[in-house]
Every structure is written in structure tokens, then in C-alpha cells.
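One file, target.pdb, carrying PDB, C-alpha atoms:
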ATOM      1  CA  MET R   1      -7.469-107.708 -55.406
ATOM      2  CA  ALA R   2      -7.581-111.105 -53.733
ATOM      3  CA  PHE R   3      -6.395-111.218 -50.151
ATOM      4  CA  LEU R   4      -4.709-114.281 -48.697
ATOM      5  CA  GLN R   5      -6.889-116.370 -46.425
ATOM      6  CA  GLY R   6      -6.102-118.309 -43.246
ATOM      7  CA  ASN R   7      -4.030-117.631 -40.163
ATOM      8  CA  LEU R   8      -0.841-115.718 -40.755
ATOM      9  CA  PRO R   9       1.879-114.645 -38.337
ATOM     10  CA  CYS R  10       1.458-111.084 -37.133
ATOM     11  CA  PHE R  11       4.436-109.820 -39.084
ATOM     12  CA  CYS R  12       3.006-111.251 -42.301
ATOM     13  CA  VAL R  13      -0.297-109.496 -41.669
ATOM     14  CA  LEU R  14       1.580-106.249 -41.145
ATOM     15  CA  ILE R  15       3.427-106.683 -44.434
ATOM     16  CA  LEU R  16       0.179-107.386 -46.250
ATOM     17  CA  CYS R  17      -1.334-104.217 -44.817
ATOM     18  CA  MET R  18       1.573-102.169 -46.128
ATOM     19  CA  ALA R  19       1.768-103.652 -49.609
ATOM     20  CA  VAL R  20       0.152-106.448 -51.554
ATOM     21  CA  LEU R  21       2.282-108.912 -53.475
ATOM     22  CA  VAL R  22       0.946-109.113 -56.980
ATOM     23  CA  SER R  23       1.829-110.952 -60.145
ATOM     24  CA  SER R  24       1.974-110.172 -63.824
ATOM     25  CA  HIS R  25       2.943-112.605 -66.536
ATOM     26  CA  ASN R  26       4.324-115.089 -63.981
ATOM     27  CA  ARG R  27       6.301-112.409 -62.128
ATOM     28  CA  TYR R  28       5.712-111.052 -58.657
ATOM     29  CA  TYR R  29       5.884-107.414 -57.624
ATOM     30  CA  THR R  30       4.937-105.219 -54.715
ATOM     31  CA  SER R  31       2.602-102.439 -55.806
ATOM     32  CA  PRO R  32       3.732 -98.979 -54.654
ATOM     33  CA  SER R  33       1.707 -96.750 -52.357
ATOM     34  CA  VAL R  34       0.063 -93.749 -54.041
ATOM     35  CA  PRO R  35      -2.599 -91.116 -53.240
ATOM     36  CA  ARG R  36      -6.122 -92.411 -53.830
ATOM     37  CA  LEU R  37      -7.427 -89.825 -56.275
ATOM     38  CA  THR R  38     -10.575 -91.874 -56.786
ATOM     39  CA  ASP R  39     -11.593 -90.984 -53.228
ATOM     40  CA  ASP R  40     -11.609 -87.270 -54.073
ATOM     41  CA  PHE R  41     -14.657 -87.125 -56.335
ATOM     42  CA  PRO R  42     -18.338 -88.083 -56.098
ATOM     43  CA  ARG R  43     -19.601 -91.150 -57.895
ATOM     44  CA  VAL R  44     -22.165 -90.672 -60.637
ATOM     45  CA  PRO R  45     -25.132 -93.087 -60.791
ATOM     46  CA  ILE R  46     -25.103 -94.866 -64.122
ATOM     47  CA  SER R  47     -28.850 -94.388 -64.415
ATOM     48  CA  ASN R  48     -28.366 -90.596 -64.240
ATOM     49  CA  GLY R  49     -25.033 -90.025 -65.931
ATOM     50  CA  PHE R  50     -25.194 -92.441 -68.873
ATOM     51  CA  SER R  51     -27.514 -93.611 -71.623
ATOM     52  CA  LYS R  52     -27.372 -96.761 -73.741
ATOM     53  CA  ALA R  53     -25.246 -96.149 -76.827
ATOM     54  CA  TYR R  54     -25.837 -99.510 -78.546
ATOM     55  CA  GLY R  55     -26.653-103.128 -77.763
ATOM     56  CA  ALA R  56     -29.425-102.167 -75.354
ATOM     57  CA  SER R  57     -30.603-105.767 -74.971
ATOM     58  CA  ASN R  58     -27.125-106.688 -73.692
ATOM     59  CA  ILE R  59     -27.068-103.996 -70.984
ATOM     60  CA  GLN R  60     -28.411-104.503 -67.477
ATOM     61  CA  VAL R  61     -28.366-101.604 -65.000
ATOM     62  CA  ILE R  62     -28.467-102.788 -61.374
ATOM     63  CA  ASN R  63     -29.745-100.456 -58.620
ATOM     64  CA  GLY R  64     -28.801 -97.482 -60.772
ATOM     65  CA  SER R  65     -25.130 -97.680 -59.788
ATOM     66  CA  MET R  66     -23.780-100.753 -61.606
ATOM     67  CA  ALA R  67     -24.101-101.911 -65.190
ATOM     68  CA  THR R  68     -23.371-105.294 -66.749
ATOM     69  CA  LEU R  69     -22.481-105.151 -70.439
ATOM     70  CA  ALA R  70     -22.368-108.262 -72.608
ATOM     71  CA  LEU R  71     -20.883-109.321 -75.930
ATOM     72  CA  ASP R  72     -22.498-112.184 -77.824
ATOM     73  CA  LYS R  73     -22.830-113.194 -81.473
ATOM     74  CA  SER R  74     -25.583-110.667 -82.030
ATOM     75  CA  SER R  75     -23.881-107.565 -80.660
ATOM     76  CA  GLY R  76     -21.549-105.882 -78.257
ATOM     77  CA  SER R  77     -22.862-103.136 -75.992
ATOM     78  CA  GLY R  78     -21.975 -99.709 -74.713
ATOM     79  CA  LEU R  79     -22.876 -96.734 -72.542
ATOM     80  CA  VAL R  80     -22.276 -93.060 -73.315
ATOM     81  CA  SER R  81     -22.299 -90.146 -70.882
ATOM     82  CA  VAL R  82     -25.217 -87.742 -70.932
ATOM     83  CA  ASN R  83     -22.801 -84.794 -70.797
ATOM     84  CA  LYS R  84     -19.721 -83.876 -72.795
ATOM     85  CA  TYR R  85     -16.604 -82.766 -70.949
ATOM     86  CA  HIS R  86     -13.725 -80.432 -71.703
ATOM     87  CA  TYR R  87     -11.022 -81.694 -69.317
ATOM     88  CA  GLY R  88     -11.555 -83.484 -66.020
ATOM     89  CA  PHE R  89     -11.088 -86.664 -63.991
ATOM     90  CA  PHE R  90     -12.835 -89.824 -65.195
ATOM     91  CA  SER R  91     -12.861 -93.219 -63.531
ATOM     92  CA  ALA R  92     -14.642 -96.574 -63.506
ATOM     93  CA  ALA R  93     -14.400 -99.733 -61.421
ATOM     94  CA  ILE R  94     -14.349-102.640 -63.854
ATOM     95  CA  LYS R  95     -14.511-106.423 -63.450
ATOM     96  CA  LEU R  96     -13.502-108.262 -66.615
ATOM     97  CA  PRO R  97     -14.850-111.520 -68.081
ATOM     98  CA  ALA R  98     -13.041-114.686 -66.997
ATOM     99  CA  GLY R  99     -11.958-117.570 -69.206
ATOM    100  CA  LEU R 100     -10.938-117.556 -72.857
ATOM    101  CA  THR R 101     -11.433-113.979 -74.070
ATOM    102  CA  SER R 102      -9.342-113.696 -77.243
ATOM    103  CA  GLY R 103     -10.493-110.869 -79.492
ATOM    104  CA  VAL R 104     -12.629-109.258 -76.769
ATOM    105  CA  VAL R 105     -12.051-105.586 -75.925
ATOM    106  CA  VAL R 106     -13.463-103.784 -72.917
ATOM    107  CA  ALA R 107     -13.015-100.021 -73.210
ATOM    108  CA  PHE R 108     -13.375 -96.983 -70.978
ATOM    109  CA  TYR R 109     -12.603 -93.915 -73.042
ATOM    110  CA  LEU R 110     -13.387 -90.380 -74.153
ATOM    111  CA  SER R 111     -14.240 -89.468 -77.740
ATOM    112  CA  ASN R 112     -15.958 -86.817 -79.863
ATOM    113  CA  ALA R 113     -16.187 -88.818 -83.100
ATOM    114  CA  ASP R 114     -19.958 -88.311 -83.084
ATOM    115  CA  VAL R 115     -19.515 -84.544 -83.432
ATOM    116  CA  PHE R 116     -16.189 -84.394 -85.309
ATOM    117  CA  PRO R 117     -16.138 -87.486 -87.578
ATOM    118  CA  HIS R 118     -13.195 -86.262 -89.659
ATOM    119  CA  ASN R 119     -11.018 -84.668 -86.991
ATOM    120  CA  HIS R 120     -12.040 -86.304 -83.743
ATOM    121  CA  ASP R 121     -10.100 -86.620 -80.485
ATOM    122  CA  GLU R 122      -9.920 -89.726 -78.329
ATOM    123  CA  ILE R 123      -8.336 -90.904 -75.067
ATOM    124  CA  ASP R 124      -8.492 -94.683 -74.662
ATOM    125  CA  ILE R 125      -8.198 -97.264 -71.953
ATOM    126  CA  GLU R 126      -8.673-100.575 -73.752
ATOM    127  CA  LEU R 127      -8.477-103.914 -71.958
ATOM    128  CA  LEU R 128      -7.529-106.657 -74.401
ATOM    129  CA  GLY R 129      -8.619-110.260 -73.947
ATOM    130  CA  HIS R 130      -6.258-113.222 -74.086
ATOM    131  CA  ASP R 131      -6.086-116.578 -75.832
ATOM    132  CA  LYS R 132      -5.315-118.464 -72.625
ATOM    133  CA  ARG R 133      -5.567-117.927 -68.852
ATOM    134  CA  ASN R 134      -6.833-114.607 -67.493
ATOM    135  CA  ASP R 135      -3.844-112.658 -68.742
ATOM    136  CA  TRP R 136      -5.603-109.489 -69.849
ATOM    137  CA  VAL R 137      -3.458-106.516 -70.869
ATOM    138  CA  ILE R 138      -4.206-102.804 -70.891
ATOM    139  CA  GLN R 139      -3.620-100.632 -73.957
ATOM    140  CA  THR R 140      -3.617 -96.846 -73.640
ATOM    141  CA  ASN R 141      -3.944 -94.608 -76.653
ATOM    142  CA  VAL R 142      -4.318 -90.951 -77.640
ATOM    143  CA  TYR R 143      -5.740 -89.482 -80.853
ATOM    144  CA  ALA R 144      -5.928 -85.799 -81.730
ATOM    145  CA  ASN R 145      -7.663 -84.052 -84.605
ATOM    146  CA  GLY R 146      -8.530 -87.212 -86.504
ATOM    147  CA  SER R 147      -5.087 -88.822 -86.410
ATOM    148  CA  VAL R 148      -6.509 -92.348 -86.528
ATOM    149  CA  ASN R 149      -3.543 -93.684 -88.525
ATOM    150  CA  THR R 150      -0.963 -92.412 -86.052
ATOM    151  CA  GLY R 151      -2.205 -93.570 -82.679
ATOM    152  CA  ARG R 152       0.081 -93.342 -79.672
ATOM    153  CA  GLU R 153      -0.364 -96.834 -78.200
ATOM    154  CA  GLU R 154       1.361 -98.210 -75.116
ATOM    155  CA  LYS R 155       0.632-101.650 -73.634
ATOM    156  CA  PHE R 156       1.071-102.986 -70.118
ATOM    157  CA  TYR R 157       0.617-106.216 -68.219
ATOM    158  CA  LEU R 158      -1.628-105.984 -65.177
ATOM    159  CA  TRP R 159      -0.289-106.916 -61.753
ATOM    160  CA  PHE R 160      -3.480-108.632 -60.574
ATOM    161  CA  ASP R 161      -6.222-110.900 -61.886
ATOM    162  CA  PRO R 162      -8.776-108.393 -63.261
ATOM    163  CA  THR R 163     -11.508-111.056 -63.422
ATOM    164  CA  GLU R 164     -11.722-111.726 -59.674
ATOM    165  CA  GLN R 165     -13.108-108.372 -58.586
ATOM    166  CA  GLN R 166     -13.405-104.771 -59.715
ATOM    167  CA  HIS R 167     -10.362-102.546 -60.164
ATOM    168  CA  GLN R 168     -10.278 -98.826 -60.876
ATOM    169  CA  TYR R 169      -9.203 -97.454 -64.257
ATOM    170  CA  SER R 170      -8.885 -93.662 -64.444
ATOM    171  CA  ILE R 171      -7.984 -90.793 -66.768
ATOM    172  CA  ILE R 172      -6.795 -87.277 -65.913
ATOM    173  CA  TRP R 173      -7.180 -84.900 -68.866
ATOM    174  CA  ASN R 174      -6.405 -81.215 -68.603
ATOM    175  CA  ASN R 175      -4.434 -78.580 -70.474
ATOM    176  CA  HIS R 176      -1.196 -79.801 -68.882
ATOM    177  CA  HIS R 177      -1.202 -83.544 -69.535
ATOM    178  CA  ILE R 178      -3.137 -86.798 -69.827
ATOM    179  CA  VAL R 179      -2.513 -89.413 -67.149
ATOM    180  CA  PHE R 180      -3.698 -93.025 -67.267
ATOM    181  CA  LEU R 181      -4.059 -94.727 -63.870
ATOM    182  CA  VAL R 182      -4.849 -98.264 -62.693
ATOM    183  CA  ASP R 183      -5.910 -98.560 -59.048
ATOM    184  CA  ASN R 184      -4.625 -94.971 -58.718
ATOM    185  CA  ILE R 185      -1.121 -95.930 -59.913
ATOM    186  CA  PRO R 186      -0.041 -93.828 -62.925
ATOM    187  CA  VAL R 187       1.041 -96.097 -65.761
ATOM    188  CA  ARG R 188       1.431 -93.393 -68.410
ATOM    189  CA  GLU R 189       1.715 -89.621 -68.655
ATOM    190  CA  PHE R 190       1.229 -87.855 -71.995
ATOM    191  CA  GLN R 191       2.427 -84.264 -71.739
ATOM    192  CA  HIS R 192       0.813 -81.374 -73.597
ATOM    193  CA  SER R 193       4.022 -80.326 -75.303
ATOM    194  CA  GLY R 194       2.948 -79.671 -78.873
ATOM    195  CA  SER R 195       0.070 -79.551 -81.347
ATOM    196  CA  PHE R 196      -0.802 -83.251 -80.944
ATOM    197  CA  PHE R 197      -3.180 -83.100 -77.980
ATOM    198  CA  PRO R 198      -6.958 -83.662 -77.592
ATOM    199  CA  SER R 199      -8.514 -80.225 -77.327
ATOM    200  CA  LYS R 200     -12.250 -80.532 -78.023
ATOM    201  CA  PRO R 201     -15.079 -81.589 -75.658
ATOM    202  CA  MET R 202     -15.656 -85.337 -75.473
ATOM    203  CA  SER R 203     -18.192 -87.856 -74.204
ATOM    204  CA  VAL R 204     -17.299 -90.722 -71.869
ATOM    205  CA  TYR R 205     -17.886 -94.283 -73.087
ATOM    206  CA  ALA R 206     -17.944 -97.731 -71.469
ATOM    207  CA  THR R 207     -18.118-100.606 -73.972
ATOM    208  CA  ILE R 208     -17.443-104.246 -74.766
ATOM    209  CA  TRP R 209     -16.970-105.305 -78.384
ATOM    210  CA  ASP R 210     -15.459-107.740 -80.874
ATOM    211  CA  ALA R 211     -12.009-106.645 -82.028
ATOM    212  CA  SER R 212     -10.967-109.965 -83.554
ATOM    213  CA  GLN R 213      -9.025-108.232 -86.325
ATOM    214  CA  TRP R 214      -6.366-106.852 -83.998
ATOM    215  CA  ALA R 215      -6.919-107.263 -80.251
ATOM    216  CA  THR R 216      -5.144-110.537 -79.415
ATOM    217  CA  HIS R 217      -1.679-111.055 -80.916
ATOM    218  CA  GLY R 218      -2.467-108.812 -83.862
ATOM    219  CA  GLY R 219      -5.652-110.681 -84.781
ATOM    220  CA  LYS R 220      -4.180-114.185 -84.614
ATOM    221  CA  TYR R 221      -6.857-115.269 -82.141
ATOM    222  CA  PRO R 222     -10.434-114.090 -82.883
ATOM    223  CA  VAL R 223     -13.374-114.157 -80.501
ATOM    224  CA  ASN R 224     -14.536-117.720 -79.818
ATOM    225  CA  TYR R 225     -18.295-117.408 -79.338
ATOM    226  CA  LYS R 226     -18.398-120.896 -77.893
ATOM    227  CA  TYR R 227     -17.607-119.118 -74.601
ATOM    228  CA  ALA R 228     -20.136-116.284 -75.049
ATOM    229  CA  PRO R 229     -21.725-114.282 -73.640
ATOM    230  CA  PHE R 230     -18.778-112.285 -72.308
ATOM    231  CA  ARG R 231     -19.892-110.024 -69.460
ATOM    232  CA  VAL R 232     -18.151-107.042 -67.886
ATOM    233  CA  SER R 233     -19.355-104.953 -64.945
ATOM    234  CA  PHE R 234     -18.900-101.197 -64.542
ATOM    235  CA  SER R 235     -19.541 -99.270 -61.319
ATOM    236  CA  GLU R 236     -18.135 -96.433 -59.160
ATOM    237  CA  MET R 237     -18.267 -94.095 -62.155
ATOM    238  CA  GLU R 238     -16.636 -90.695 -61.637
ATOM    239  CA  MET R 239     -16.833 -87.783 -64.074
ATOM    240  CA  SER R 240     -15.699 -84.444 -62.659
ATOM    241  CA  GLY R 241     -14.648 -81.635 -64.943
ATOM    242  CA  CYS R 242     -15.931 -78.921 -67.221
ATOM    243  CA  ILE R 243     -19.267 -79.784 -68.806
ATOM    244  CA  SER R 244     -19.709 -78.446 -72.330
ATOM    245  CA  ASN R 245     -22.769 -77.873 -74.470
ATOM    246  CA  PRO R 246     -22.944 -79.246 -78.050
ATOM    247  CA  THR R 247     -21.307 -76.145 -79.535
ATOM    248  CA  GLY R 248     -18.184 -76.699 -77.461
ATOM    249  CA  THR R 249     -18.643 -73.712 -75.176
ATOM    250  CA  VAL R 250     -17.873 -74.506 -71.539
ATOM    251  CA  THR R 251     -20.996 -74.023 -69.432
ATOM    252  CA  SER R 252     -20.079 -75.357 -65.988
ATOM    253  CA  CYS R 253     -17.187 -76.926 -64.108
ATOM    254  CA  SER R 254     -17.735 -79.283 -61.168
ATOM    255  CA  LYS R 255     -14.932 -77.923 -58.985
ATOM    256  CA  ASN R 256     -15.477 -78.483 -55.290
ATOM    257  CA  THR R 257     -12.566 -76.287 -54.204
ATOM    258  CA  PRO R 258      -9.957 -74.233 -56.077
ATOM    259  CA  SER R 259      -7.221 -76.619 -54.952
ATOM    260  CA  SER R 260      -7.100 -80.360 -54.311
ATOM    261  CA  LEU R 261     -10.453 -81.289 -55.857
ATOM    262  CA  ASP R 262      -9.971 -79.317 -59.058
ATOM    263  CA  PRO R 263      -8.880 -81.748 -61.803
ATOM    264  CA  ILE R 264      -8.370 -78.881 -64.252
ATOM    265  CA  GLU R 265      -5.903 -76.639 -62.401
ATOM    266  CA  GLY R 266      -5.545 -78.161 -58.930
ATOM    267  CA  PRO R 267      -1.906 -78.716 -57.881
ATOM    268  CA  GLU R 268      -2.465 -82.469 -57.442
ATOM    269  CA  PHE R 269      -3.660 -82.740 -61.040
ATOM    270  CA  VAL R 270      -1.524 -80.407 -63.149
ATOM    271  CA  LYS R 271       1.611 -82.416 -62.382
ATOM    272  CA  LEU R 272       2.550 -85.685 -60.754
ATOM    273  CA  SER R 273       3.881 -85.761 -57.210
ATOM    274  CA  ASN R 274       7.241 -87.366 -56.425
ATOM    275  CA  GLN R 275       5.367 -90.384 -55.083
ATOM    276  CA  GLN R 276       3.376 -90.684 -58.303
ATOM    277  CA  ILE R 277       6.499 -90.233 -60.450
ATOM    278  CA  SER R 278       8.131 -93.095 -58.570
ATOM    279  CA  ALA R 279       5.047 -95.285 -59.085
ATOM    280  CA  LEU R 280       4.980 -94.343 -62.779
ATOM    281  CA  GLY R 281       8.583 -95.471 -63.132
ATOM    282  CA  TRP R 282       7.721 -98.753 -61.415
ATOM    283  CA  ALA R 283       4.842 -99.443 -63.785
ATOM    284  CA  ARG R 284       6.772 -98.598 -66.913
ATOM    285  CA  SER R 285       9.879-100.573 -65.986
ATOM    286  CA  LYS R 286       8.049-103.656 -64.704
ATOM    287  CA  LEU R 287       4.861-103.845 -66.760
ATOM    288  CA  MET R 288       5.123-101.999 -70.089
ATOM    289  CA  PHE R 289       5.865-104.287 -73.043
ATOM    290  CA  TYR R 290       5.063-102.019 -76.017
ATOM    291  CA  SER R 291       5.498 -98.318 -76.740
ATOM    292  CA  TYR R 292       4.988 -96.575 -80.055
ATOM    293  CA  CYS R 293       8.090 -94.522 -79.248
ATOM    294  CA  LYS R 294      10.198 -97.638 -79.785
ATOM    295  CA  ASP R 295       8.383 -98.902 -82.872
ATOM    296  CA  THR R 296      10.646 -97.917 -85.743
ATOM    297  CA  SER R 297       8.652-100.047 -88.188
ATOM    298  CA  ARG R 298       5.682 -97.703 -87.762
ATOM    299  CA  PHE R 299       7.498 -94.422 -87.309
ATOM    300  CA  LYS R 300      10.501 -93.751 -89.508
ATOM    301  CA  VAL R 301      10.699 -90.395 -87.758
ATOM    302  CA  MET R 302       9.632 -90.538 -84.138
ATOM    303  CA  PRO R 303       6.846 -88.177 -83.011
ATOM    304  CA  PRO R 304       8.169 -85.066 -81.231
ATOM    305  CA  GLU R 305       7.002 -86.161 -77.780
ATOM    306  CA  CYS R 306       9.146 -89.317 -78.004
ATOM    307  CA  LYS R 307      12.263 -87.171 -78.034
TER     308      LYS R 307
END
Encoding of this model in C-alpha cells:
Amino acid sequence: MAFLQGNLPCFCVLILCMAVLVSSHNRYYTSPSVPRLTDDFPRVPISNGFSKAYGASNIQVINGSMATLALDKSSGSGLVSVNKYHYGFFSAAIKLPAGLTSGVVVAFYLSNADVFPHNHDEIDIELLGHDKRNDWVIQTNVYANGSVNTGREEKFYLWFDPTEQQHQYSIIWNNHHIVFLVDNIPVREFQHSGSFFPSKPMSVYATIWDASQWATHGGKYPVNYKYAPFRVSFSEMEMSGCISNPTGTVTSCSKNTPSSLDPIEGPEFVKLSNQQISALGWARSKLMFYSYCKDTSRFKVMPPECK
């Protein structure tokens, strides 16, 4: 987040310390104050916690803790976690490519499609490039048991320029709900209220790839490789939860205490606080511009959770 430079009156400095004025789609907002969950968990070195999933020549790991992933005409690139997880807290600090990025998708997500190709689960944070300016948007999505034709997408404008510096994108996944957070602000909560819910161990992925067919205005604007390579940086990776072996049996859970640092059953993680609920309402009222729950062209009968 870019801070204003120069000499400011004392009262302006005080206001800036309390809240930062931010913009989204030519509108200005004040971001709400929320607990910094990303401060609660240890960071995992990329060199220890991840391996190269594809596009190895387009991946550069710096000092073990930061990775730069690139997309060019030859390939995109991606990292995959060494371990699989069954519930937990997952986070990455991401700086997106600047300039014309139509058709480009940067993703931080969980999936088990490698183990369950026909009935996989997936929890997605996808950052979609734009055909002009640096107006990236974030798409969140949930798949369960191979429901690839009935994704639960919701899209939001960001309230900052995500190309200037890194911002934190996080996922809480436990038996109670899934929460998507940006700079610790909840933008979406998906409750575990029925059979549609990811339930199998998943790996964590960080990728950049060409999604020209759908990413920018429904595929109207494909990737323009005149501006390649497109580079994204990932750092401050956090993965705390129950680690599972390939058969799906839970073998260990990285719980520091039975309370605040437990993303599985800790009181700060099984439900949102009043402060987080207020911030969630702010994000959804100010920044959300698409929800599957309002898309009657896709769903003649709305999914149960929409009711």
C-alpha cells in the first residue's frame, strides 16, 4: 500500500495512521481495521515448503523465501506445496505484474485434482488481469467433489494498486467455513451448511498462467505477448493446519496452542468476530460486483447456500 509522501499537518498524519484512504474503480474508501491473522503463524520458506510444479525455467527462488514466477509465450509457471493439508490457514504476499495484463491469471489456491481427477475439491483465489490500467480484480471460487461445471464464483474490485507492492491473500478452511481474506479483511465467507463443501486433503498452489478464453471480460481480451514476460512475486508463505499423507489420513497438525493459533478449532477461526463481520459487510457492499447467487442465467434454481 502506497503511503503519501511529503510534509503533512499533524492531524493528517494521525488520520493516516488510523486508516488509509484507498481507491477501487475510481472510488475512494477507508479500509476497516481488522485483526492481523497473518501475524499469528510462522512463514514457510519457499525452498522448503514448495517444489516446482511446471514451467521451471520461468521460476526464480530468491534467498529461499521469495519466488518470482513468469508467464511468456513458451509457458506459465507454478509452485506446489510439498505437503497436503486437511484444513488450515494459508496465506501469501503477492505483487502482481504492472501494465496491460489482459488474459493473465495469478492464482493462490488449494486443490486435490492430482489425486482425485474425477471428484476433486478446490478453493481458489484468482487474480484476473485487465485490458487497461492496473485494475486487477479478485475472483474467489469453491469446488467440491468434482463440481467443475457449478463453481461458486464471486468477484471483487481491489481497494489498492496490487502492482506497487505485495499484499496478503489468505484462506481459512476448516470444518466450519471457508473464509477468503485480502490484507486480513474478509471478503467472503462460505459456510459449511450442506453437502457441497471441500472435504479431502489438498495441496497448495501458486501459479501464473494464460486464461485468455475467459479471464478478462469473458475472453474478449486475450493475453498480449507483446508485453511479456509477465512476472509475479510470492513471499511470506504461511501454511498451518493438518498435514495429511497420500492416503488422506491425518498425520500431524501444526497447532501452537489449543486456542488462538489453532486454525482448525480455535475460537478466532471457527467463526468471524463482530469486527470481521463488519469488515466483510464493507467489502461486499463496496467492492463485490459479481456473485453466482445472483446469476439466474446460470442457476435456474439457486444453490441451497444462496438461500
Between R:Thr216, R:Ser193, R:Ser285, R:Asn184, which is the closest to Asp135 (chain R) once you count all atoms listed in the file?
R:Thr216
Selection in question (the file shown): the PyMOL selection byres ((chain R and resi 109) around 12). Which residues does it include, as a PyMOL selection string?
chain R and resi 78-81+89-92+106-108+110-113+121-127+139-143+169-173+180+202-208+239
I want to know what sits within 8 Å of Phe156 (chain R), based on all atoms listed in the file, with residues of the same chain fewer than 4 positions away left out; could you give that as number ranges by chain?
R: 137-139, 284, 287-290
Would you mind telling me which residue in R:Leu181, R:Val115, R:Ile243, R:Met237 lies nearest to Ser47 (chain R) when using only C-alpha atoms?
R:Met237
CA of Ser77 (chain R) to CA of Ile94 (chain R), straight-line distance in Å
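Value for the CA of Ile94 (chain R)-CA of Ser77 (chain R) distance: 14.8 Å.
With all atoms listed in the file taken into account, the protein and nucleic acid residues at most 7 Å from Asp210 (chain R) (excluding it and anything under 3 positions from it in its own chain) are Gly76, Gly103, Val104, Val105 and Val223 of chain R.
The point (-1.1, -94.8, -81.6) has these residues within 10 Å of it, counting all atoms listed in the file: Gln139, Thr140, Asn141, Val142, Tyr143, Ser147, Val148, Asn149, Thr150, Gly151, Arg152, Glu153, Glu154, Ser291, Tyr292, Cys293 and Arg298 of chain R.
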Top pick for closest residue to Asp40 (chain R), considering R:Val301, R:Cys306, R:Val270, R:Leu261 and counting only C-alpha atoms:
R:Leu261
